[in-house]
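Colleague: Could you have a look at this structure, given as structure tokens, before my questions?
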Amino acid sequence: LRLRLRNSAKYIKTGRKKRLIYIGIPISRKRKVEMGEAAVAAHNVFVYGSLLSDDVVRVLLNRVPPSSAVLLNHFHRFSIKGRVYPAILPVQNRHVSGRVLMGISDPELHILDEFEDVEYQRTRVEVSLLESSDKLQAHAYVWRNTSDPNLYGDWDFEEWKQVHKESFIKMTMGFMEELELPESKPIGATYESFYQQDDAEK
């Protein structure tokens with residue numbers, strides 16, 4: 001019976017979001033991850049911002065997947081005015097250092113899609129492994145607005161860890177709570193409401 005039920009899982013539309021349905025019953029995040037561990041499909045995902053933090057990844061996926069250090073050539077990592085996370089866009093003769101999360105299941109990829117939201121477009125890219133210079137295909141979340149005036153300079157992960165990591169983890173936990181609801185808010189709304197409340201409490 002368990003095998004037959006697993007094979008019947010599929011994505012359908014419920015409200016504004018696409019959700020995984022298990023014999024007509026919405027599956028919790030924990031159950032999504034359990035199903036993902038047994039899934040045949042596995043993805044590589046290039047991360048370059050807040051998802052470089054194992055603590056943030058653990059909140060989202062309930063685990064920390066294996067990863068490798070890589071370079072993404074001909075892209076640049078920008079800071080975004082008013083945001084604590086970065087954006088990447090194609091820029092010739094530049095590169096972005098990051099990591100590739102390996103063995104990401106379909107349900108986990110769906111969670112990452114929801115986390116990155118509509119401002120990013122999931123794109124296939126080729127990255128170079130630092131250990132061997134071998135090439136690897138991966139998904140990457142690229143900023144949609146190529147002429148966004150709010151993009152500037154560089155984004156620094158070490159500075160983010162010192163200044164923003166703790167509050168960002170709390171915001172991510174709030175996002176995951178919202179994601180369990182039938183009509184959850186997009187990450188942008190969760191981000192804005194969290195940091196507005198955080199500023200008011202200071």
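Here's how to read the names in the structure tokens: chain A, B, ... by the order shown, residue numbers from 1 in each chain, ligand numbers from 1 in the order shown.
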Can you pull out every residue within 7 Å of segment 145-152 of chain A, counting only C-alpha atoms, but drop anything in the same chain fewer than 6 positions away, and send it as number ranges by chain?
Modeller: A: 78-81, 89
Colleague: Smallest atom-to-atom distance to Ser133 of chain A: which of A:Leu72, A:His110, A:Val56, A:Ile88, using only C-alpha atoms?
Modeller: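 Closest residue, counting only C-alpha atoms: A:Leu72.
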Colleague: I need the residue nearest Ala87 of chain A from this list: A:Leu181, A:Met171, A:Leu61, A:Ala140. Use only C-alpha atoms for the distance.
Modeller: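 For Ala87 of chain A, the nearest of the candidates is A:Ala140.
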Colleague: Using only C-alpha atoms, find the one residue out of A:Leu112, A:Leu52, A:Val64, A:Val57 that sits nearest to Gly98 of chain A.
Modeller: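 Checking each candidate against Gly98 of chain A, we get A:Leu52 as the closest.
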Colleague: At a cut-off of 7 Å, using only C-alpha atoms, what residues contact Gln137 of chain A? Leave out same-chain residues fewer than 4 positions from it and give the result as a list of chain:residue names.
Modeller: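 Close residues of Gln137 of chain A: A:Arg124, A:Val125, A:Glu126, A:Val127.
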Colleague: Could you write out the selected residues, including N, CA, C and O atoms, as a CSV table (one decimal), in the first residue's frame?
Modeller:
chain,number,residue,atom,x,y,z
A,124,ARG,N,19.7,26.9,-16.1
A,124,ARG,CA,20.8,25.9,-16.2
A,124,ARG,C,22.1,26.6,-16.5
A,124,ARG,O,22.2,27.4,-17.4
A,125,VAL,N,23.1,26.3,-15.7
A,125,VAL,CA,24.4,26.9,-15.9
A,125,VAL,C,25.5,25.8,-15.8
A,125,VAL,O,25.2,24.7,-15.4
A,126,GLU,N,26.7,26.2,-16.3
A,126,GLU,CA,27.8,25.3,-16.2
A,126,GLU,C,28.8,25.9,-15.2
A,126,GLU,O,29.2,27.0,-15.3
A,127,VAL,N,29.2,25.1,-14.2
A,127,VAL,CA,30.1,25.6,-13.2
A,127,VAL,C,31.4,24.7,-13.2
A,127,VAL,O,31.4,23.6,-13.7
Colleague: Tell me which of A:Gly82, A:Arg94, A:Phe115, A:Lys135 sits closest to Ala69 of chain A, counting only C-alpha atoms.
Modeller: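 Looking only at the distances to Ala69 of chain A, the closest residue turns out to be A:Lys135.
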Colleague: Report as number ranges by chain all protein, DNA and RNA residues lying within 9 Å of Leu60 of chain A, evaluated on only C-alpha atoms, omitting residues in the same chain fewer than 4 positions from it.
Modeller: A: 29, 55-56, 108, 111-112, 115, 172-173, 175-176
Colleague: Print the selection's residues with N, CA, C and O atoms to a file, as a PDB file, in the first residue's frame.
Modeller:
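Result saved to part07.pdb:
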ATOM      1  N   ARG A  29       6.093  19.412   4.973  1.00  0.00           N
ATOM      2  CA  ARG A  29       7.478  19.562   4.534  1.00  0.00           C
ATOM      3  C   ARG A  29       8.301  18.330   4.900  1.00  0.00           C
ATOM      4  O   ARG A  29       9.118  17.847   4.124  1.00  0.00           O
ATOM      5  N   ASP A  55      23.142  26.421   7.948  1.00  0.00           N
ATOM      6  CA  ASP A  55      22.015  26.617   8.864  1.00  0.00           C
ATOM      7  C   ASP A  55      20.749  27.015   8.106  1.00  0.00           C
ATOM      8  O   ASP A  55      19.648  26.577   8.447  1.00  0.00           O
ATOM      9  N   VAL A  56      20.887  27.843   7.086  1.00  0.00           N
ATOM     10  CA  VAL A  56      19.726  28.243   6.279  1.00  0.00           C
ATOM     11  C   VAL A  56      19.224  27.057   5.465  1.00  0.00           C
ATOM     12  O   VAL A  56      18.014  26.800   5.402  1.00  0.00           O
ATOM     13  N   GLU A 108      12.432  18.946  -2.913  1.00  0.00           N
ATOM     14  CA  GLU A 108      13.359  19.937  -2.363  1.00  0.00           C
ATOM     15  C   GLU A 108      13.584  21.079  -3.350  1.00  0.00           C
ATOM     16  O   GLU A 108      13.680  22.252  -2.944  1.00  0.00           O
ATOM     17  N   ILE A 111      10.791  23.478  -3.035  1.00  0.00           N
ATOM     18  CA  ILE A 111      10.944  24.361  -1.879  1.00  0.00           C
ATOM     19  C   ILE A 111      11.908  25.498  -2.206  1.00  0.00           C
ATOM     20  O   ILE A 111      11.642  26.675  -1.880  1.00  0.00           O
ATOM     21  N   LEU A 112      13.016  25.198  -2.859  1.00  0.00           N
ATOM     22  CA  LEU A 112      13.975  26.245  -3.241  1.00  0.00           C
ATOM     23  C   LEU A 112      13.359  27.221  -4.238  1.00  0.00           C
ATOM     24  O   LEU A 112      13.607  28.435  -4.165  1.00  0.00           O
ATOM     25  N   PHE A 115      11.291  29.536  -2.260  1.00  0.00           N
ATOM     26  CA  PHE A 115      12.134  30.413  -1.448  1.00  0.00           C
ATOM     27  C   PHE A 115      12.721  31.542  -2.286  1.00  0.00           C
ATOM     28  O   PHE A 115      12.780  32.695  -1.849  1.00  0.00           O
ATOM     29  N   THR A 172      13.714  32.861   7.667  1.00  0.00           N
ATOM     30  CA  THR A 172      13.549  31.627   6.898  1.00  0.00           C
ATOM     31  C   THR A 172      12.649  30.646   7.630  1.00  0.00           C
ATOM     32  O   THR A 172      11.829  29.952   7.010  1.00  0.00           O
ATOM     33  N   MET A 173      12.773  30.571   8.932  1.00  0.00           N
ATOM     34  CA  MET A 173      11.881  29.717   9.717  1.00  0.00           C
ATOM     35  C   MET A 173      10.430  30.184   9.577  1.00  0.00           C
ATOM     36  O   MET A 173       9.509  29.369   9.443  1.00  0.00           O
ATOM     37  N   PHE A 175       9.255  31.751   6.970  1.00  0.00           N
ATOM     38  CA  PHE A 175       8.857  31.391   5.610  1.00  0.00           C
ATOM     39  C   PHE A 175       8.388  29.943   5.537  1.00  0.00           C
ATOM     40  O   PHE A 175       7.369  29.636   4.901  1.00  0.00           O
ATOM     41  N   MET A 176       9.114  29.036   6.192  1.00  0.00           N
ATOM     42  CA  MET A 176       8.729  27.620   6.152  1.00  0.00           C
ATOM     43  C   MET A 176       7.396  27.387   6.864  1.00  0.00           C
ATOM     44  O   MET A 176       6.601  26.551   6.431  1.00  0.00           O
TER      45      MET A 176
END
Colleague: Using the chain letters and numbers from this document, which residues of segment 25-107 of chain A does DSSP assign to strand (DSSP E), as a VMD selection string?
Modeller: chain A and resid 25 to 26 43 to 47 67 to 80 87 to 104
Colleague: Would you output that residue set with C-alpha atoms, as an mmCIF file, in the first residue's frame?
Modeller:
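In the end it all went to again_39.cif:
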data_model
loop_
_atom_site.group_PDB
_atom_site.id
_atom_site.type_symbol
_atom_site.label_atom_id
_atom_site.label_comp_id
_atom_site.auth_asym_id
_atom_site.auth_seq_id
_atom_site.Cartn_x
_atom_site.Cartn_y
_atom_site.Cartn_z
ATOM 1 C CA ILE A 25 -3.929 15.231 0.828
ATOM 2 C CA PRO A 26 -1.288 18.015 1.049
ATOM 3 C CA HIS A 43 19.459 17.849 -9.160
ATOM 4 C CA ASN A 44 22.558 19.978 -8.697
ATOM 5 C CA VAL A 45 21.865 23.519 -7.477
ATOM 6 C CA PHE A 46 24.468 26.302 -7.515
ATOM 7 C CA VAL A 47 24.190 28.526 -4.429
ATOM 8 C CA SER A 67 28.218 19.973 -1.770
ATOM 9 C CA SER A 68 31.375 21.043 -3.586
ATOM 10 C CA ALA A 69 33.078 24.414 -4.022
ATOM 11 C CA VAL A 70 32.722 25.770 -7.571
ATOM 12 C CA LEU A 71 33.124 28.841 -9.771
ATOM 13 C CA LEU A 72 30.468 30.234 -12.093
ATOM 14 C CA ASN A 73 32.250 32.095 -14.872
ATOM 15 C CA HIS A 74 30.976 35.202 -16.675
ATOM 16 C CA PHE A 75 28.567 36.186 -13.890
ATOM 17 C CA HIS A 76 28.740 38.825 -11.169
ATOM 18 C CA ARG A 77 27.246 38.781 -7.669
ATOM 19 C CA PHE A 78 25.579 42.110 -6.832
ATOM 20 C CA SER A 79 24.234 43.586 -3.636
ATOM 21 C CA ILE A 80 20.582 44.667 -3.814
ATOM 22 C CA ALA A 87 21.615 38.661 -7.084
ATOM 23 C CA ILE A 88 23.666 37.320 -9.964
ATOM 24 C CA LEU A 89 23.598 38.401 -13.597
ATOM 25 C CA PRO A 90 25.765 37.561 -16.611
ATOM 26 C CA VAL A 91 28.845 39.811 -16.797
ATOM 27 C CA GLN A 92 31.733 38.990 -19.109
ATOM 28 C CA ASN A 93 35.142 38.283 -17.552
ATOM 29 C CA ARG A 94 33.771 38.069 -14.003
ATOM 30 C CA HIS A 95 33.079 35.037 -11.853
ATOM 31 C CA VAL A 96 31.070 34.055 -8.782
ATOM 32 C CA SER A 97 32.373 31.652 -6.163
ATOM 33 C CA GLY A 98 29.863 29.382 -4.504
ATOM 34 C CA ARG A 99 28.891 25.786 -3.884
ATOM 35 C CA VAL A 100 26.845 23.170 -5.696
ATOM 36 C CA LEU A 101 24.296 21.339 -3.553
ATOM 37 C CA MET A 102 24.086 17.794 -4.905
ATOM 38 C CA GLY A 103 21.331 15.205 -4.852
ATOM 39 C CA ILE A 104 18.467 17.686 -4.550
#
Colleague: Please measure the separation of atom CA of Leu51 of chain A and atom CA of Tyr141 of chain A, giving the value in Å to one decimal.
Modeller: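 Going from atom CA of Leu51 of chain A over to atom CA of Tyr141 of chain A, I get 11.2 Å.
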Colleague: With distances taken over only C-alpha atoms, which residue among A:Ala41, A:Val84, A:Val59, A:Val142 lies nearest Asp156 of chain A?
Modeller: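 Closest to Asp156 of chain A, using only C-alpha atoms: A:Val84.
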Colleague: Among segment 18-170 of chain A, which residues carry a DSSP assignment of alpha helix (DSSP H), reported as a PyMOL selection string?
Modeller: chain A and resi 29-37+54-61+106-116+157-163+165-170
Colleague: Could you check the closest approach to Arg58 of chain A for each of A:Glu131, A:Ala138, A:Ile169, A:Thr123 and tell me which residue wins, using only C-alpha atoms?
Modeller: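 Using only C-alpha atoms, the shortest distance to Arg58 of chain A belongs to A:Ile169.
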